[in-house]
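Asker: See protein_27.txt below, with compact mmCIF, N, CA and C atoms.
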```
# COMPACT_ATOMS: atom_id res chain seq x y z
N MET A 688 74.59 30.51 128.20
CA MET A 688 75.58 30.84 127.19
C MET A 688 75.54 32.33 126.94
N ASN A 689 76.66 32.96 127.22
CA ASN A 689 76.66 34.42 127.16
C ASN A 689 77.65 35.00 126.16
N HIS A 690 78.34 34.14 125.41
CA HIS A 690 79.23 34.62 124.36
C HIS A 690 78.54 34.45 123.02
N LEU A 691 78.75 35.41 122.13
CA LEU A 691 78.11 35.39 120.82
C LEU A 691 79.16 35.59 119.73
N MET A 692 79.16 34.71 118.73
CA MET A 692 80.04 34.85 117.57
C MET A 692 79.19 35.33 116.40
N THR A 693 79.67 36.36 115.70
CA THR A 693 78.93 36.93 114.57
C THR A 693 79.82 36.99 113.35
N ASP A 694 79.23 36.74 112.18
CA ASP A 694 79.92 36.87 110.90
C ASP A 694 78.97 37.51 109.91
N ILE A 695 79.49 38.38 109.07
CA ILE A 695 78.67 39.01 108.03
C ILE A 695 79.27 38.76 106.66
N GLU A 696 78.46 38.96 105.66
CA GLU A 696 78.91 39.07 104.27
C GLU A 696 78.44 40.44 103.81
N ALA A 697 79.23 41.06 102.93
CA ALA A 697 78.91 42.43 102.54
C ALA A 697 79.30 42.71 101.10
N MET A 698 78.59 43.64 100.50
CA MET A 698 78.91 44.16 99.16
C MET A 698 79.60 45.52 99.25
N GLY A 699 79.89 45.93 100.46
CA GLY A 699 80.59 47.19 100.68
C GLY A 699 81.66 47.01 101.73
N THR A 700 82.69 47.84 101.68
CA THR A 700 83.78 47.70 102.63
C THR A 700 84.05 48.98 103.41
N GLY A 701 83.37 50.03 103.10
CA GLY A 701 83.59 51.31 103.78
C GLY A 701 82.40 51.71 104.63
N ARG A 702 82.41 52.97 105.02
CA ARG A 702 81.34 53.50 105.86
C ARG A 702 80.00 53.30 105.16
N TYR A 703 79.04 52.75 105.88
CA TYR A 703 77.70 52.44 105.38
C TYR A 703 77.73 51.44 104.22
N GLY A 704 78.71 50.54 104.25
CA GLY A 704 78.78 49.47 103.26
C GLY A 704 77.57 48.55 103.38
N MET A 705 77.18 47.98 102.27
CA MET A 705 75.98 47.15 102.21
C MET A 705 76.23 45.77 102.78
N ILE A 706 75.55 45.45 103.87
CA ILE A 706 75.60 44.11 104.46
C ILE A 706 74.53 43.26 103.79
N THR A 707 74.92 42.07 103.35
CA THR A 707 73.99 41.19 102.66
C THR A 707 73.55 39.99 103.50
N GLN A 708 74.33 39.68 104.54
CA GLN A 708 74.00 38.50 105.35
C GLN A 708 74.63 38.65 106.74
N ILE A 709 73.87 38.24 107.75
CA ILE A 709 74.38 38.21 109.13
C ILE A 709 74.09 36.82 109.69
N GLY A 710 75.11 36.22 110.26
CA GLY A 710 74.96 34.94 110.96
C GLY A 710 75.58 35.07 112.33
N ALA A 711 74.94 34.50 113.34
CA ALA A 711 75.47 34.58 114.70
C ALA A 711 75.03 33.34 115.48
N CYS A 712 75.81 33.02 116.52
CA CYS A 712 75.49 31.87 117.34
C CYS A 712 76.04 32.09 118.75
N TYR A 713 75.20 31.82 119.74
CA TYR A 713 75.66 31.85 121.12
C TYR A 713 76.47 30.58 121.40
N PHE A 714 77.45 30.68 122.29
CA PHE A 714 78.26 29.52 122.65
C PHE A 714 78.79 29.65 124.07
N ASP A 715 79.16 28.53 124.62
CA ASP A 715 79.78 28.49 125.94
C ASP A 715 81.29 28.46 125.74
N ILE A 716 81.98 29.47 126.19
CA ILE A 716 83.41 29.58 125.95
C ILE A 716 84.21 28.50 126.68
N GLU A 717 83.66 27.96 127.74
CA GLU A 717 84.35 26.92 128.51
C GLU A 717 84.23 25.54 127.85
N THR A 718 83.05 25.22 127.34
CA THR A 718 82.81 23.87 126.81
C THR A 718 82.77 23.81 125.29
N GLY A 719 82.54 24.95 124.64
CA GLY A 719 82.38 24.97 123.19
C GLY A 719 80.98 24.60 122.73
N LYS A 720 80.10 24.32 123.67
CA LYS A 720 78.73 23.96 123.33
C LYS A 720 78.03 25.15 122.67
N LEU A 721 77.27 24.85 121.61
CA LEU A 721 76.57 25.90 120.87
C LEU A 721 75.16 26.09 121.40
N GLY A 722 74.70 27.33 121.34
CA GLY A 722 73.35 27.67 121.76
C GLY A 722 72.54 28.17 120.59
N GLY A 723 71.67 29.12 120.84
CA GLY A 723 70.78 29.64 119.81
C GLY A 723 71.53 30.37 118.69
N GLY A 724 70.99 30.22 117.48
CA GLY A 724 71.60 30.84 116.32
C GLY A 724 70.71 31.88 115.67
N PHE A 725 71.32 32.68 114.81
CA PHE A 725 70.62 33.75 114.09
C PHE A 725 71.18 33.78 112.68
N SER A 726 70.31 33.88 111.69
CA SER A 726 70.74 33.98 110.31
C SER A 726 69.72 34.80 109.53
N VAL A 727 70.21 35.76 108.76
CA VAL A 727 69.31 36.58 107.95
C VAL A 727 70.03 37.02 106.68
N ASN A 728 69.31 36.97 105.57
CA ASN A 728 69.78 37.51 104.30
C ASN A 728 69.07 38.83 104.06
N ILE A 729 69.82 39.82 103.62
CA ILE A 729 69.29 41.18 103.50
C ILE A 729 69.15 41.57 102.03
N SER A 730 68.02 42.13 101.68
CA SER A 730 67.74 42.57 100.32
C SER A 730 68.70 43.68 99.90
N MET A 731 69.45 43.43 98.82
CA MET A 731 70.35 44.47 98.31
C MET A 731 69.56 45.64 97.74
N GLU A 732 68.43 45.35 97.11
CA GLU A 732 67.60 46.41 96.54
C GLU A 732 67.12 47.35 97.65
N ASN A 733 66.62 46.79 98.74
CA ASN A 733 66.16 47.60 99.86
C ASN A 733 67.33 48.37 100.49
N SER A 734 68.46 47.71 100.65
CA SER A 734 69.63 48.37 101.25
C SER A 734 70.09 49.55 100.41
N PHE A 735 70.04 49.38 99.09
CA PHE A 735 70.42 50.47 98.19
C PHE A 735 69.48 51.66 98.38
N LYS A 736 68.18 51.37 98.49
CA LYS A 736 67.19 52.44 98.71
C LYS A 736 67.40 53.14 100.05
N GLU A 737 67.94 52.40 101.04
CA GLU A 737 68.22 52.98 102.37
C GLU A 737 69.51 53.79 102.36
N GLY A 738 70.24 53.75 101.25
CA GLY A 738 71.47 54.54 101.14
C GLY A 738 72.76 53.81 101.45
N PHE A 739 72.70 52.48 101.55
CA PHE A 739 73.93 51.72 101.78
C PHE A 739 74.75 51.67 100.50
N VAL A 740 76.06 51.54 100.66
CA VAL A 740 77.02 51.71 99.57
C VAL A 740 77.58 50.36 99.12
N ILE A 741 77.68 50.21 97.80
CA ILE A 741 78.30 49.03 97.19
C ILE A 741 79.71 49.39 96.78
N ASP A 742 80.65 48.49 97.05
CA ASP A 742 82.05 48.68 96.66
C ASP A 742 82.35 47.80 95.45
N PRO A 743 82.85 48.38 94.34
CA PRO A 743 83.12 47.57 93.14
C PRO A 743 84.07 46.40 93.41
N GLY A 744 85.03 46.57 94.29
CA GLY A 744 85.95 45.48 94.61
C GLY A 744 85.25 44.31 95.28
N ALA A 745 84.29 44.61 96.14
CA ALA A 745 83.53 43.55 96.80
C ALA A 745 82.65 42.82 95.79
N VAL A 746 82.04 43.55 94.87
CA VAL A 746 81.21 42.93 93.84
C VAL A 746 82.08 42.01 92.97
N LYS A 747 83.25 42.49 92.59
CA LYS A 747 84.17 41.68 91.78
C LYS A 747 84.55 40.40 92.54
N PHE A 748 84.84 40.52 93.82
CA PHE A 748 85.15 39.35 94.64
C PHE A 748 84.01 38.35 94.60
N TRP A 749 82.78 38.80 94.86
CA TRP A 749 81.64 37.89 94.94
C TRP A 749 81.29 37.28 93.58
N LEU A 750 81.58 37.98 92.49
CA LEU A 750 81.33 37.40 91.17
C LEU A 750 82.21 36.19 90.92
N GLY A 751 83.36 36.13 91.59
CA GLY A 751 84.26 35.00 91.45
C GLY A 751 83.98 33.86 92.41
N GLU A 752 83.05 34.03 93.31
CA GLU A 752 82.72 33.02 94.30
C GLU A 752 81.48 32.22 93.86
N THR A 753 81.43 30.97 94.25
CA THR A 753 80.27 30.14 93.91
C THR A 753 79.31 30.00 95.08
N ASN A 754 79.77 30.25 96.29
CA ASN A 754 78.94 30.07 97.49
C ASN A 754 78.35 31.40 97.92
N ARG A 755 77.37 31.89 97.18
CA ARG A 755 76.73 33.18 97.48
C ARG A 755 75.37 32.93 98.14
N THR A 756 75.40 32.39 99.35
CA THR A 756 74.16 32.03 100.05
C THR A 756 73.34 33.25 100.45
N PHE A 757 73.93 34.43 100.42
CA PHE A 757 73.18 35.64 100.77
C PHE A 757 72.13 35.98 99.72
N LEU A 758 72.16 35.30 98.59
CA LEU A 758 71.15 35.50 97.55
C LEU A 758 69.98 34.55 97.70
N ASP A 759 70.09 33.59 98.62
CA ASP A 759 69.10 32.52 98.78
C ASP A 759 68.03 32.88 99.80
N GLY A 760 66.88 32.28 99.61
CA GLY A 760 65.83 32.33 100.62
C GLY A 760 65.13 33.66 100.73
N ASP A 761 64.51 33.84 101.89
CA ASP A 761 63.72 35.03 102.19
C ASP A 761 64.65 36.21 102.48
N LEU A 762 64.53 37.28 101.70
CA LEU A 762 65.37 38.47 101.90
C LEU A 762 64.60 39.49 102.73
N LYS A 763 65.21 39.95 103.79
CA LYS A 763 64.60 40.93 104.70
C LYS A 763 65.07 42.33 104.36
N SER A 764 64.31 43.31 104.76
CA SER A 764 64.76 44.70 104.62
C SER A 764 65.93 44.91 105.58
N ALA A 765 66.77 45.88 105.27
CA ALA A 765 67.91 46.18 106.14
C ALA A 765 67.42 46.52 107.54
N ARG A 766 66.38 47.31 107.64
CA ARG A 766 65.84 47.72 108.95
C ARG A 766 65.35 46.52 109.76
N ASP A 767 64.58 45.62 109.13
CA ASP A 767 64.08 44.44 109.83
C ASP A 767 65.23 43.52 110.24
N ALA A 768 66.18 43.31 109.33
CA ALA A 768 67.29 42.41 109.61
C ALA A 768 68.17 42.93 110.74
N LEU A 769 68.55 44.21 110.66
CA LEU A 769 69.42 44.78 111.70
C LEU A 769 68.70 44.93 113.02
N GLY A 770 67.42 45.26 112.98
CA GLY A 770 66.63 45.35 114.21
C GLY A 770 66.53 44.00 114.90
N SER A 771 66.29 42.95 114.11
CA SER A 771 66.22 41.60 114.67
C SER A 771 67.57 41.16 115.22
N TYR A 772 68.63 41.47 114.49
CA TYR A 772 69.97 41.11 114.98
C TYR A 772 70.27 41.83 116.29
N TYR A 773 69.94 43.11 116.36
CA TYR A 773 70.18 43.85 117.60
C TYR A 773 69.46 43.17 118.78
N GLY A 774 68.21 42.80 118.59
CA GLY A 774 67.46 42.13 119.64
C GLY A 774 68.10 40.82 120.08
N PHE A 775 68.66 40.10 119.11
CA PHE A 775 69.31 38.83 119.40
C PHE A 775 70.66 39.05 120.10
N ALA A 776 71.45 39.98 119.59
CA ALA A 776 72.83 40.16 120.06
C ALA A 776 72.94 40.96 121.35
N SER A 777 71.99 41.83 121.61
CA SER A 777 72.12 42.73 122.77
C SER A 777 72.08 41.99 124.11
N LYS A 778 71.66 40.74 124.10
CA LYS A 778 71.61 39.94 125.33
C LYS A 778 72.97 39.34 125.70
N ALA A 779 73.93 39.39 124.78
CA ALA A 779 75.24 38.77 125.00
C ALA A 779 76.06 39.56 126.02
N ASP A 780 76.83 38.82 126.80
CA ASP A 780 77.81 39.46 127.69
C ASP A 780 79.07 39.81 126.93
N ILE A 781 79.47 38.93 126.01
CA ILE A 781 80.65 39.13 125.18
C ILE A 781 80.26 38.83 123.74
N MET A 782 80.66 39.71 122.81
CA MET A 782 80.38 39.53 121.39
C MET A 782 81.70 39.40 120.63
N TRP A 783 81.85 38.33 119.87
CA TRP A 783 83.05 38.06 119.10
C TRP A 783 82.77 38.23 117.61
N SER A 784 83.72 38.81 116.89
CA SER A 784 83.65 38.89 115.43
C SER A 784 84.97 39.44 114.93
N HIS A 785 85.07 39.55 113.62
CA HIS A 785 86.18 40.30 113.03
C HIS A 785 85.87 41.78 113.24
N LEU A 786 86.90 42.58 113.37
CA LEU A 786 86.73 44.03 113.54
C LEU A 786 85.84 44.59 112.45
N PHE A 787 86.09 44.22 111.22
CA PHE A 787 85.32 44.70 110.07
C PHE A 787 83.83 44.47 110.28
N ASP A 788 83.48 43.27 110.74
CA ASP A 788 82.07 42.93 110.91
C ASP A 788 81.40 43.80 111.96
N PHE A 789 82.06 43.98 113.09
CA PHE A 789 81.47 44.79 114.16
C PHE A 789 81.28 46.24 113.71
N VAL A 790 82.28 46.80 113.06
CA VAL A 790 82.19 48.19 112.59
C VAL A 790 81.08 48.33 111.55
N MET A 791 80.98 47.38 110.63
CA MET A 791 79.93 47.44 109.61
C MET A 791 78.54 47.39 110.24
N ILE A 792 78.36 46.51 111.22
CA ILE A 792 77.06 46.40 111.90
C ILE A 792 76.75 47.69 112.65
N GLN A 793 77.72 48.23 113.37
CA GLN A 793 77.49 49.46 114.13
C GLN A 793 77.13 50.61 113.18
N ASP A 794 77.84 50.72 112.05
CA ASP A 794 77.54 51.77 111.06
C ASP A 794 76.12 51.60 110.51
N ALA A 795 75.74 50.36 110.22
CA ALA A 795 74.40 50.11 109.67
C ALA A 795 73.32 50.47 110.69
N LEU A 796 73.53 50.09 111.95
CA LEU A 796 72.57 50.46 112.99
C LEU A 796 72.44 51.97 113.09
N GLU A 797 73.58 52.65 113.05
CA GLU A 797 73.57 54.12 113.11
C GLU A 797 72.81 54.72 111.93
N LYS A 798 73.10 54.23 110.72
CA LYS A 798 72.45 54.77 109.51
C LYS A 798 70.93 54.62 109.58
N LEU A 799 70.49 53.50 110.14
CA LEU A 799 69.05 53.23 110.24
C LEU A 799 68.43 53.83 111.49
N LYS A 800 69.25 54.56 112.26
CA LYS A 800 68.79 55.20 113.51
C LYS A 800 68.23 54.16 114.50
N LEU A 801 68.89 53.01 114.53
CA LEU A 801 68.58 51.95 115.48
C LEU A 801 69.61 52.00 116.61
N PRO A 802 69.29 51.45 117.78
CA PRO A 802 70.28 51.45 118.86
C PRO A 802 71.54 50.69 118.45
N LYS A 803 72.68 51.19 118.90
CA LYS A 803 73.95 50.52 118.63
C LYS A 803 74.26 49.54 119.75
N LEU A 804 75.06 48.53 119.42
CA LEU A 804 75.48 47.55 120.41
C LEU A 804 76.55 48.15 121.32
N MET A 805 76.62 47.67 122.54
CA MET A 805 77.59 48.19 123.49
C MET A 805 79.00 47.73 123.09
N TRP A 806 79.83 48.67 122.68
CA TRP A 806 81.16 48.34 122.17
C TRP A 806 82.05 47.69 123.22
N LYS A 807 81.81 47.95 124.50
CA LYS A 807 82.65 47.37 125.55
C LYS A 807 82.49 45.85 125.64
N LYS A 808 81.43 45.33 125.07
CA LYS A 808 81.19 43.89 125.09
C LYS A 808 81.91 43.17 123.94
N TRP A 809 82.42 43.92 122.99
CA TRP A 809 82.94 43.34 121.76
C TRP A 809 84.40 42.89 121.91
N ARG A 810 84.74 41.75 121.27
CA ARG A 810 86.10 41.22 121.23
C ARG A 810 86.43 40.84 119.78
N ASP A 811 87.68 41.10 119.38
CA ASP A 811 88.13 40.84 118.02
C ASP A 811 88.71 39.43 117.90
N ILE A 812 88.13 38.61 117.07
CA ILE A 812 88.60 37.24 116.90
C ILE A 812 89.99 37.19 116.27
N ASN A 813 90.33 38.14 115.39
CA ASN A 813 91.67 38.16 114.79
C ASN A 813 92.75 38.35 115.84
N THR A 814 92.50 39.22 116.81
CA THR A 814 93.47 39.45 117.88
C THR A 814 93.64 38.19 118.71
N LEU A 815 92.54 37.53 119.03
CA LEU A 815 92.60 36.29 119.81
C LEU A 815 93.44 35.23 119.09
N VAL A 816 93.20 35.06 117.81
CA VAL A 816 93.95 34.07 117.03
C VAL A 816 95.43 34.45 116.99
N TRP A 817 95.73 35.72 116.79
CA TRP A 817 97.11 36.18 116.73
C TRP A 817 97.81 35.94 118.07
N LEU A 818 97.17 36.29 119.16
CA LEU A 818 97.78 36.10 120.48
C LEU A 818 98.00 34.62 120.79
N SER A 819 97.15 33.76 120.26
CA SER A 819 97.27 32.33 120.53
C SER A 819 98.46 31.72 119.81
N GLY A 820 98.94 32.39 118.74
CA GLY A 820 100.04 31.84 117.96
C GLY A 820 99.61 30.77 116.97
N LEU A 821 98.31 30.57 116.83
CA LEU A 821 97.83 29.57 115.89
C LEU A 821 98.27 29.94 114.48
N LYS A 822 98.60 28.94 113.71
CA LYS A 822 98.99 29.17 112.32
C LYS A 822 97.84 28.75 111.43
N LYS A 823 97.39 29.67 110.59
CA LYS A 823 96.29 29.37 109.69
C LYS A 823 96.82 29.30 108.26
N SER A 824 95.93 29.39 107.29
CA SER A 824 96.33 29.29 105.89
C SER A 824 97.21 30.46 105.47
N LYS A 825 97.85 30.33 104.33
CA LYS A 825 98.76 31.35 103.82
C LYS A 825 98.07 32.69 103.59
N THR A 826 96.77 32.70 103.35
CA THR A 826 96.06 33.93 103.04
C THR A 826 95.68 34.72 104.27
N ASP A 827 95.76 34.11 105.44
CA ASP A 827 95.40 34.80 106.68
C ASP A 827 96.58 35.57 107.23
N ASN A 828 96.31 36.73 107.82
CA ASN A 828 97.36 37.54 108.43
C ASN A 828 97.53 37.15 109.89
N VAL A 829 98.07 35.96 110.10
CA VAL A 829 98.28 35.45 111.44
C VAL A 829 99.77 35.13 111.59
N ARG A 830 100.33 35.50 112.72
CA ARG A 830 101.75 35.22 112.93
C ARG A 830 101.98 33.73 113.01
N SER A 831 103.17 33.30 112.66
CA SER A 831 103.48 31.86 112.75
C SER A 831 104.21 31.54 114.02
```
Go through the file and emit its structure as structure tokens.

Answerer:
Amino acid sequence: MNHLMTDIEAMGTGRYGMITQIGACYFDIETGKLGGGFSVNISMENSFKEGFVIDPGAVKFWLGETNRTFLDGDLKSARDALGSYYGFASKADIMWSHLFDFVMIQDALEKLKLPKLMWKKWRDINTLVWLSGLKKSKTDNVRS
């Protein structure tokens, strides 16, 4: 399995925005079979000390949500979490995510002076959905 899907949650939306959670899973694009997964919650306190930025709009959004799983369990430092994610993701031939997620991860790796992922391996899931013509919910920016 050489394709990887990644999703993040964040308290920031701009350059060096604070990532609070990273989830990823390898999959076979032909069969849909799932492979190894990765999940980490990142300490906001540690991220703040590392210089990551919180966006008031993102905080307001999360205050209205009930499913804030990034606050649960063992919280890792930003450096440990991003370093572990890099080790997991760098083996992928193709990496899928939303554009926002990939840019946020790359910025975080840069800020922490960790190796960045190879951008040529990355694919945008929003573009794939748009090209497919799939119709999603009213809140998604997908053509009908």

Asker: For a quick check of understanding, using only N, CA and C atoms, which of A:Lys807, A:Arg766, A:Ile695, A:Gln793 has the smallest distance to Asp780 of chain A?

Answerer: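 Distance minimum relative to Asp780 of chain A lands on A:Lys807.
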
Asker: Would you mind reading off the distance between atom CA of Gly710 of chain A and atom C of Gly820 of chain A, one decimal, in Å?

Answerer: 25.7 Å

Asker: Quick check, in Å to one decimal: how far apart do atom CA of Ala697 of chain A and atom C of Glu797 of chain A lie?

Answerer: 16.6 Å

Asker: What is the atom C of Ala779 of chain A-atom C of Tyr703 of chain A distance in Å, reported with one decimal?

Answerer: 24.9 Å

Asker: Which residue gives the smallest distance to Trp806 of chain A among A:Ile709, A:Leu818, A:Met791, A:Met782, with only C-alpha atoms counted?

Answerer: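 Result for the nearest residue to Trp806 of chain A: A:Met782.
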
Asker: Write out as a PyMOL selection string all residues of segment 688-828 of chain A that DSSP puts in helix (DSSP H, G or I) for this structure's backbone.

Answerer: chain A and resi 731-736+743-750+756-758+765-776+786-798+806-808+812-819

Asker: I'd like the contact shell of Met731 of chain A - 8 Å cut-off, only N, CA and C atoms, skipping same-chain residues fewer than 3 positions apart - returned as number ranges by chain.

Answerer: A: 705-707, 728, 734-737, 757, 762-765

Asker: Considering only C-alpha atoms, return as a short mmCIF file (atom, residue, chain, number, x, y, z; two decimals) with N, CA and C atoms, in the frame of the given file whatever protein or nucleic-acid residues lie within 12 Å of Pro802 of chain A, sequence-local ones (same chain, fewer than 6 positions apart) excluded.

Answerer:
```
data_model
loop_
_atom_site.label_atom_id
_atom_site.label_comp_id
_atom_site.auth_asym_id
_atom_site.auth_seq_id
_atom_site.Cartn_x
_atom_site.Cartn_y
_atom_site.Cartn_z
N ARG A 766 66.38 47.31 107.64
CA ARG A 766 65.84 47.72 108.95
C ARG A 766 65.35 46.52 109.76
N LEU A 769 68.55 44.21 110.66
CA LEU A 769 69.42 44.78 111.70
C LEU A 769 68.70 44.93 113.02
N GLY A 770 67.42 45.26 112.98
CA GLY A 770 66.63 45.35 114.21
C GLY A 770 66.53 44.00 114.90
N SER A 771 66.29 42.95 114.11
CA SER A 771 66.22 41.60 114.67
C SER A 771 67.57 41.16 115.22
N TYR A 772 68.63 41.47 114.49
CA TYR A 772 69.97 41.11 114.98
C TYR A 772 70.27 41.83 116.29
N TYR A 773 69.94 43.11 116.36
CA TYR A 773 70.18 43.85 117.60
C TYR A 773 69.46 43.17 118.78
N GLY A 774 68.21 42.80 118.59
CA GLY A 774 67.46 42.13 119.64
C GLY A 774 68.10 40.82 120.08
N ALA A 776 71.45 39.98 119.59
CA ALA A 776 72.83 40.16 120.06
C ALA A 776 72.94 40.96 121.35
N SER A 777 71.99 41.83 121.61
CA SER A 777 72.12 42.73 122.77
C SER A 777 72.08 41.99 124.11
N ILE A 792 78.36 46.51 111.22
CA ILE A 792 77.06 46.40 111.90
C ILE A 792 76.75 47.69 112.65
N GLN A 793 77.72 48.23 113.37
CA GLN A 793 77.49 49.46 114.13
C GLN A 793 77.13 50.61 113.18
N ASP A 794 77.84 50.72 112.05
CA ASP A 794 77.54 51.77 111.06
C ASP A 794 76.12 51.60 110.51
N ALA A 795 75.74 50.36 110.22
CA ALA A 795 74.40 50.11 109.67
C ALA A 795 73.32 50.47 110.69
N LEU A 796 73.53 50.09 111.95
CA LEU A 796 72.57 50.46 112.99
C LEU A 796 72.44 51.97 113.09
#
```

Asker: With all atoms listed in the file as the basis for distance, which of A:Asp761, A:Glu752, A:Asp715, A:Asp742 is at the shortest distance from Val727 of chain A?

Answerer: A:Asp761

Asker: Of the candidates A:Gln708, A:Thr700, A:Thr693, A:Ser784, which shows the shortest atom-to-atom distance to Val740 of chain A, using all atoms listed in the file?

Answerer: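 Residue with the minimum atom-to-atom distance to Val740 of chain A: A:Thr700.
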
Asker: Model the absent atoms of segment 710-717 of chain A so that all heavy atoms are present, and write the result as a CSV table (one decimal), in the frame of the given file.

Answerer:
```
chain,number,residue,atom,x,y,z
A,710,GLY,N,75.1,36.2,110.3
A,710,GLY,CA,75.0,34.9,111.0
A,710,GLY,C,75.6,35.1,112.3
A,710,GLY,O,76.6,35.7,112.5
A,711,ALA,N,74.9,34.5,113.3
A,711,ALA,CA,75.5,34.6,114.7
A,711,ALA,C,75.0,33.3,115.5
A,711,ALA,O,74.0,32.7,115.2
A,711,ALA,CB,75.0,35.8,115.4
A,712,CYS,N,75.8,33.0,116.5
A,712,CYS,CA,75.5,31.9,117.3
A,712,CYS,C,76.0,32.1,118.8
A,712,CYS,O,77.2,32.5,118.9
A,712,CYS,CB,76.1,30.6,116.7
A,712,CYS,SG,75.7,29.1,117.6
A,713,TYR,N,75.2,31.8,119.7
A,713,TYR,CA,75.7,31.8,121.1
A,713,TYR,C,76.5,30.6,121.4
A,713,TYR,O,76.2,29.5,120.8
A,713,TYR,CB,74.5,31.9,122.1
A,713,TYR,CG,74.0,33.3,122.2
A,713,TYR,CD1,72.9,33.8,121.5
A,713,TYR,CD2,74.6,34.2,123.1
A,713,TYR,CE1,72.5,35.1,121.6
A,713,TYR,CE2,74.2,35.5,123.3
A,713,TYR,CZ,73.1,36.0,122.5
A,713,TYR,OH,72.7,37.3,122.6
A,714,PHE,N,77.4,30.7,122.3
A,714,PHE,CA,78.3,29.5,122.6
A,714,PHE,C,78.8,29.6,124.1
A,714,PHE,O,78.9,30.7,124.6
A,714,PHE,CB,79.4,29.3,121.7
A,714,PHE,CG,80.5,30.4,121.7
A,714,PHE,CD1,81.6,30.2,122.4
A,714,PHE,CD2,80.3,31.6,121.0
A,714,PHE,CE1,82.6,31.2,122.4
A,714,PHE,CE2,81.2,32.6,121.0
A,714,PHE,CZ,82.4,32.4,121.8
A,715,ASP,N,79.2,28.5,124.6
A,715,ASP,CA,79.8,28.5,125.9
A,715,ASP,C,81.3,28.5,125.7
A,715,ASP,O,81.8,27.5,125.1
A,715,ASP,CB,79.3,27.2,126.7
A,715,ASP,CG,79.8,27.2,128.1
A,715,ASP,OD1,81.1,27.4,128.3
A,715,ASP,OD2,79.0,26.9,129.0
A,716,ILE,N,82.0,29.5,126.2
A,716,ILE,CA,83.4,29.6,126.0
A,716,ILE,C,84.2,28.5,126.7
A,716,ILE,O,85.3,28.1,126.3
A,716,ILE,CB,83.9,31.0,126.3
A,716,ILE,CG1,85.3,31.2,125.6
A,716,ILE,CG2,84.0,31.2,127.8
A,716,ILE,CD1,85.7,32.6,125.5
A,717,GLU,N,83.7,28.0,127.7
A,717,GLU,CA,84.4,26.9,128.5
A,717,GLU,C,84.2,25.5,127.8
A,717,GLU,O,85.2,24.8,127.8
A,717,GLU,CB,83.8,26.9,129.9
A,717,GLU,CG,84.0,28.1,130.7
A,717,GLU,CD,85.4,28.5,131.0
A,717,GLU,OE1,86.2,27.5,131.2
A,717,GLU,OE2,85.8,29.7,131.1
```
